[in-house]
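Written below as structure tokens is the structure these notes are about.
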Amino acid sequence: MTKTPGTPESSENKTNPLRRYVRPGLLPTIFCAGCGGGTVLNCFCRAVDELELDPKEMVMVTGIGCSSWIPSPYFLADTLHTTHGRAIAFASGVRVMAPGMKVVVIAGDGDISGIGGNHLIHAARRNIDLTVFMINNSIYGMTGGQVAPTTPQDVTTTTTPHGNVEAPFDVASLVAAAGGTYVARWTTYHVFDLVKSMKAALAHRGFSFIEIVGQCTTSYAKAVGKRSAADFLADYKDRSVRIKKAAEMTAEELRDRIVVGPLRHEEGAAEFCDRLHGLTERVSAAALSEVAR
Amino acid sequence: MNQRADYLSRQDGQTAFVMGDEAVALGALYAGCDFFGGYPITPASEVAEVMARELPKVGGYYVQFEDELASISAVVGAAWAGGRAMTATSGPGFSLMQETIGYAAMTETPCVIVDVQRSGPSTGQATKPAQGDLMQARWGTHGDHEIIALSPWSVQESFDLVIDAFRLAEAYRTPVIFLTDGAVGHFREPLTFPTYSDALTAPRPRAAPGELVFGGRAVPPMAQIGDRQNVHITGSTHKSSGIRDVNSKPVHDELVHRLVAKIADARAELTRLDVRQVEDARVAVVACGAIARPALGAVERVRSQGHRVGFIRLVNVWPFPGPRLAELLADVECVLVPEMNLGQLNREIERFVSCPVVPVSKIGGVAHSVDEIYEPLLSRVEALS
């Protein structure tokens with residue numbers, strides 16, 4: 001049965017106006033109770049709504065992992081759910097060929113910074129106009145709680161039963177250093193800041209990236225001995241520090257803290273597709289005038 | 001203004017002396033290719049170089065990515081955004097692309113993957129030709145699927161056949177493997193350009209609003225990104241609406257059986273063979289790609305000595321034209337299969353014929369000489385009399 005987008009079903013919430021951004025017939029989501037994914041979807045719908053973007057002019061590109069399920073299938077727009085790690089690469093092909101579309105990647109830390117890390121840094125280097133929201137839950141959740149490139153040192157996971165010997169990736173700093181022109185980090189505690197930041201990222205022309213520290217109430221909860229979403233959010237609240245304040249703190253003081261806020265925001269930098277499309281325009285015009293001669 | 005027509009018609013009917021790899025790229029321009037994502041690799045780099053030079057002239061986009069994983073991924077993304085998309089690589093890069101080739105098969109994405117085969121395994125003899133990827137083209141990605149693979153033997157055919165590859169990719173909504181090799185890719189031969197026509201661009205059937213994009217018929221029409229239909233594309237098992245359903249045996253059955261059948265059932269239509277003098281042949285030589293050239297030379301020489309020998313060249317390797325080969329080879333007493341690997345094509349032929357199938361394998365990066373096929377062919381046919 002085809003449903004009109006935005007028409008709530010009897011068993012689902014009839015009052016939330018953001019429901020019109022959700023693909024009909026699929027709620028409730030498959031997320032575990034307390035998962036940060038729902039908060040991210042909520043914030044994202046709100047950002048799209050406040051910016052008055054037309055979802056029909058948006059395409060959601062995702063990879064493999066729990067966080068990829070935030071837009072796919074829940075957000076009602078064209079959706080390309082890709083292979084593990086390659087969402088940004090698929091999205092780059094889409095962006096080149098569909099210049100009228102807002103191309104948004106939502107995926108997890110393992111997908112974006114682990115298996116797909118190379119695509120992340122090169123997309124940032126190109127400053128290609130993609131909006132990437134990476135949910136960092138510090139673990140491979142979908143596969144059952146294995147260590148991730150973002151897992152803090154000494155944490156015990158199913159594949160670090162004796163503790164993690166590796167240091168975690170500071171992914172937002174990596175993207176800023178690689179050339180991303182809008183880079184921020186927030187947590188699922190900072191929902192109002194996150195919506196504002198998502199709006200800035202979506203409005204930005206160039207490579208925009210938000211690392212969203214979010215809770216995995218199943219696998220990571222087990223790894224660190226936390227039980228509920230509330231525990232996680234309280235922890236994010238306690239440990240987070242605004243980037244301006246962080247600038248005045250020592251490395252020792254910043255240990256185990258989550259630095260939140262915009263790390264980089266540079267408007268007007270040359271964007272990849274603008275340059276590529278411009279090149280084709282220039283070269284084809286020259287070729288045709290050569291033929292005419 | 002049609003940039004492509006205006007630019008390409010300048011060479012209507014003209015002949016140029018070009019390399020096989022170059023002909024692949026030029027053919028793609030005629031087929032309507034407007035996106036190329038690639039990564040340098042010997043002996044396929046010339047395809048990318050010509051695309052980088054020529055594609056913008058016809059209004060298309062060339063992007064060199066950070067690796068082959070990104071290249072094939074961007075090609076699939078570009079195809080869904082409306083592009084006629086291609087990449088070109090060789091063995092090691094082809095291996096890296098396999099996962100996403102499976103994704104393209106599962107999501108029914110039309111695209112062309114050029115594999116200029118080189119000697120392996122691994123880095124092997126990086127600059128030398130081989131035919132070691134026949135089975136990788138068929139079975140390289142995991143899971144059940146069928147694939148279309150075409151194999152040219154000359155510069156002119158590299159050009160003509162790549163146009164066919166784009167057309168088949170759209171007609172069957174599938175990745176098509178263009179299985180050339182380092183020898184054909186680096187041959188320099190005359191290439192005669194056709195009269196440009198927009199009709200050479202492969203047409204893409206598009207879904208009307210509400211029409212099923214992932215089922216309902218053997219080859220469903222596409223809804224592209226930007227068509228305002230909220231198309232949902234996933235490599236997970238999905239219903240005909242595109243929405244994931246990974247726990248239902250009937251859904252998986254229906255999807256994968258359809259993906260296999262849409263190509264397997266078109267085997268006769270997809271069969272492309274170059275058949276010479278097999279009507280009365282007692283021994284036949286069956287080959288593909290570069291090695292079909294010395295194979296034909298050997299057959300002609302043995303024929304001229306009064307022996308009944310024939311020649312079949314596989315222009316499409318996959319889906320395997322076995323049933324047609326079985327008909328053609330029904331009365332043949334022996335089949336010789338020269339190939340630049342240690343036995344891939346010969347085993348596939350064995351499944352369809354009742355007579356002995358004799359491999360004439362050669363590896364090491366040098367193609368068979370005519371003599372190297374002539375001698376075993378002559379001794380086989382003489383042994384029969």
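Chain labels follow the order of the structure tokens: the first chain is A, the next B, and so on; residue numbering restarts at 1 in every chain, and ligands are counted from 1 in their shown order.
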Mind listing the strand (DSSP E) residues of region 92-230 of chain B, per DSSP on the backbone, as number ranges by chain?
-> B: 111-117, 148-150, 175-181, 188-192
Resulting file, chosen residues, C-alpha atoms, as a short mmCIF file (atom, residue, chain, number, x, y, z; two decimals), in the first residue's frame:
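What follows is the written file result-v4.cif:
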```cif
data_model
loop_
_atom_site.label_atom_id
_atom_site.label_comp_id
_atom_site.auth_asym_id
_atom_site.auth_seq_id
_atom_site.Cartn_x
_atom_site.Cartn_y
_atom_site.Cartn_z
CA CYS B 111 28.26 0.53 -15.38
CA VAL B 112 31.32 -0.65 -17.29
CA ILE B 113 34.45 -1.99 -15.62
CA VAL B 114 37.43 -2.31 -17.93
CA ASP B 115 39.98 -4.91 -16.82
CA VAL B 116 43.16 -4.77 -18.89
CA GLN B 117 44.43 -8.13 -17.70
CA ILE B 148 28.30 -10.05 -18.62
CA ALA B 149 31.93 -9.99 -19.79
CA LEU B 150 33.14 -9.04 -23.25
CA PRO B 175 27.80 -4.11 -14.36
CA VAL B 176 29.55 -5.25 -17.54
CA ILE B 177 33.16 -6.40 -17.38
CA PHE B 178 35.23 -5.37 -20.37
CA LEU B 179 37.87 -8.06 -20.29
CA THR B 180 40.71 -6.90 -22.46
CA ASP B 181 44.40 -7.62 -21.83
CA ARG B 188 48.59 -0.04 -32.20
CA GLU B 189 46.28 -0.53 -35.16
CA PRO B 190 44.07 1.50 -37.45
CA LEU B 191 40.73 2.52 -35.97
CA THR B 192 37.93 3.78 -38.20
#
```
Mind listing as a PyMOL selection string which residues of chain A are within 8 Å of chain B, counting only C-alpha atoms?
-> chain A and resi 56-59+72-73+76-83+86+89-98+101+118-119+122+276-277+279-281+283-288+291
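If you look at CA of Ser45 (chain B) and CA of Gly120 (chain B), they are 17.4 Å away from each other.
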Shell of 10 Å around Asn247 (chain B), only C-alpha atoms, local chain residues under 5 positions omitted, as a PyMOL selection string = chain B and resi 237-238+252
Can you list, as a PDB file with C-alpha atoms, in the first residue's frame, every protein, DNA or RNA residue that comes within 6 Å of Gly179 (chain A) when you count only C-alpha atoms, leaving out same-chain residues fewer than 2 positions away?
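Dumped to selection_38.pdb:
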```pdb
ATOM      1  CA  ALA A 124      38.356  16.584   2.925  1.00  0.00           C
ATOM      2  CA  ARG A 125      41.469  17.383   0.871  1.00  0.00           C
ATOM      3  CA  ALA A 176      40.212  19.796   9.837  1.00  0.00           C
ATOM      4  CA  ALA A 177      43.887  19.126   9.133  1.00  0.00           C
TER       5      ALA A 177
END
```
Tell me which protein, DNA and RNA residues are within 12 Å of Glu49 (chain B), counting only C-alpha atoms, leaving out same-chain ones fewer than 2 positions away, and put them as a PyMOL selection string.
-> chain B and resi 21-26+36-47+51-55+62-64+87-88
Keeping only C-alpha atoms, take the residues you just selected and write them out as a compact mmCIF listing (two decimals), in the first residue's frame.
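Printed below is again_22.txt as written:
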```
# COMPACT_ATOMS: atom_id res chain seq x y z
CA ASP B 21 43.45 1.15 -24.46
CA GLU B 22 42.89 4.44 -26.27
CA ALA B 23 40.20 2.82 -28.44
CA VAL B 24 38.35 1.68 -25.30
CA ALA B 25 38.27 5.26 -24.02
CA LEU B 26 37.25 6.68 -27.41
CA PHE B 36 35.07 8.13 -15.37
CA GLY B 37 36.51 7.34 -11.96
CA GLY B 38 39.92 5.74 -11.99
CA TYR B 39 43.26 5.05 -10.39
CA PRO B 40 46.53 4.54 -12.29
CA ILE B 41 47.66 0.99 -12.98
CA THR B 42 49.72 -0.63 -15.69
CA PRO B 43 48.63 -1.64 -18.36
CA ALA B 44 45.32 0.24 -18.05
CA SER B 45 46.55 3.78 -17.33
CA GLU B 46 46.18 4.89 -20.95
CA VAL B 47 42.40 4.46 -20.67
CA MET B 51 39.53 9.90 -20.59
CA ALA B 52 41.16 12.73 -18.61
CA ARG B 53 42.01 14.44 -21.92
CA GLU B 54 38.84 13.74 -23.92
CA LEU B 55 35.93 13.32 -21.51
CA TYR B 62 37.01 12.60 -15.10
CA VAL B 63 38.05 12.07 -11.49
CA GLN B 64 41.17 10.27 -10.33
CA THR B 87 36.34 2.73 -14.66
CA ALA B 88 39.44 0.96 -15.95
```
Near Thr123 (chain B), counting only C-alpha atoms, which residues have an atom at most 12 Å away, once you skip same-chain residues fewer than 2 positions from it, shown as a list in words?
-> Ile41, Thr42, Ser90, Gly91, Pro92, Gly93, Ser95, Gln117, Arg118, Ser119, Gly120, Pro121, Gln125, Ala126, Thr127 and Lys128 of chain B
Give me a file of those residues, with C-alpha atoms, as a tab-separated table (two decimals), in the first residue's frame.
```tsv
chain	number	residue	atom	x	y	z
B	41	ILE	CA	47.66	0.99	-12.98
B	42	THR	CA	49.72	-0.63	-15.69
B	90	SER	CA	44.05	-4.27	-14.12
B	91	GLY	CA	44.29	-7.42	-11.99
B	92	PRO	CA	45.24	-5.96	-8.57
B	93	GLY	CA	42.75	-3.11	-8.90
B	95	SER	CA	40.57	-7.60	-7.14
B	117	GLN	CA	44.43	-8.13	-17.70
B	118	ARG	CA	48.03	-8.49	-16.62
B	119	SER	CA	50.19	-11.29	-15.31
B	120	GLY	CA	49.53	-12.38	-11.73
B	121	PRO	CA	48.98	-13.48	-9.05
B	125	GLN	CA	54.74	-9.27	-14.04
B	126	ALA	CA	53.09	-5.89	-13.82
B	127	THR	CA	53.74	-4.80	-17.40
B	128	LYS	CA	52.99	-8.13	-19.09
```
Within 12 Å of Ala107 (chain A), counting only C-alpha atoms, which residues qualify if same-chain residues fewer than 3 places away don't, as a PyMOL selection string?
-> chain A and resi 37+40-41+60-72+80-88+104+110-116+120+131-137+140+209-212+214
Pick from A:Leu254, A:Val224, A:Ile128, A:Val191, whichever lies nearest to Asp274 (chain A) using only C-alpha atoms |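 Nearest candidate to Asp274 (chain A) out of A:Leu254, A:Val224, A:Ile128, A:Val191: A:Ile128.
Those residues of region 72-110 of chain A that DSSP, working from the backbone, places in helix (DSSP H, G or I) are A:Ala87, A:Ile88, A:Ala89, A:Phe90, A:Ala91, A:Ser92, A:Gly93, A:Val94, A:Arg95, A:Val96, A:Met97, A:Asp109, A:Gly110.
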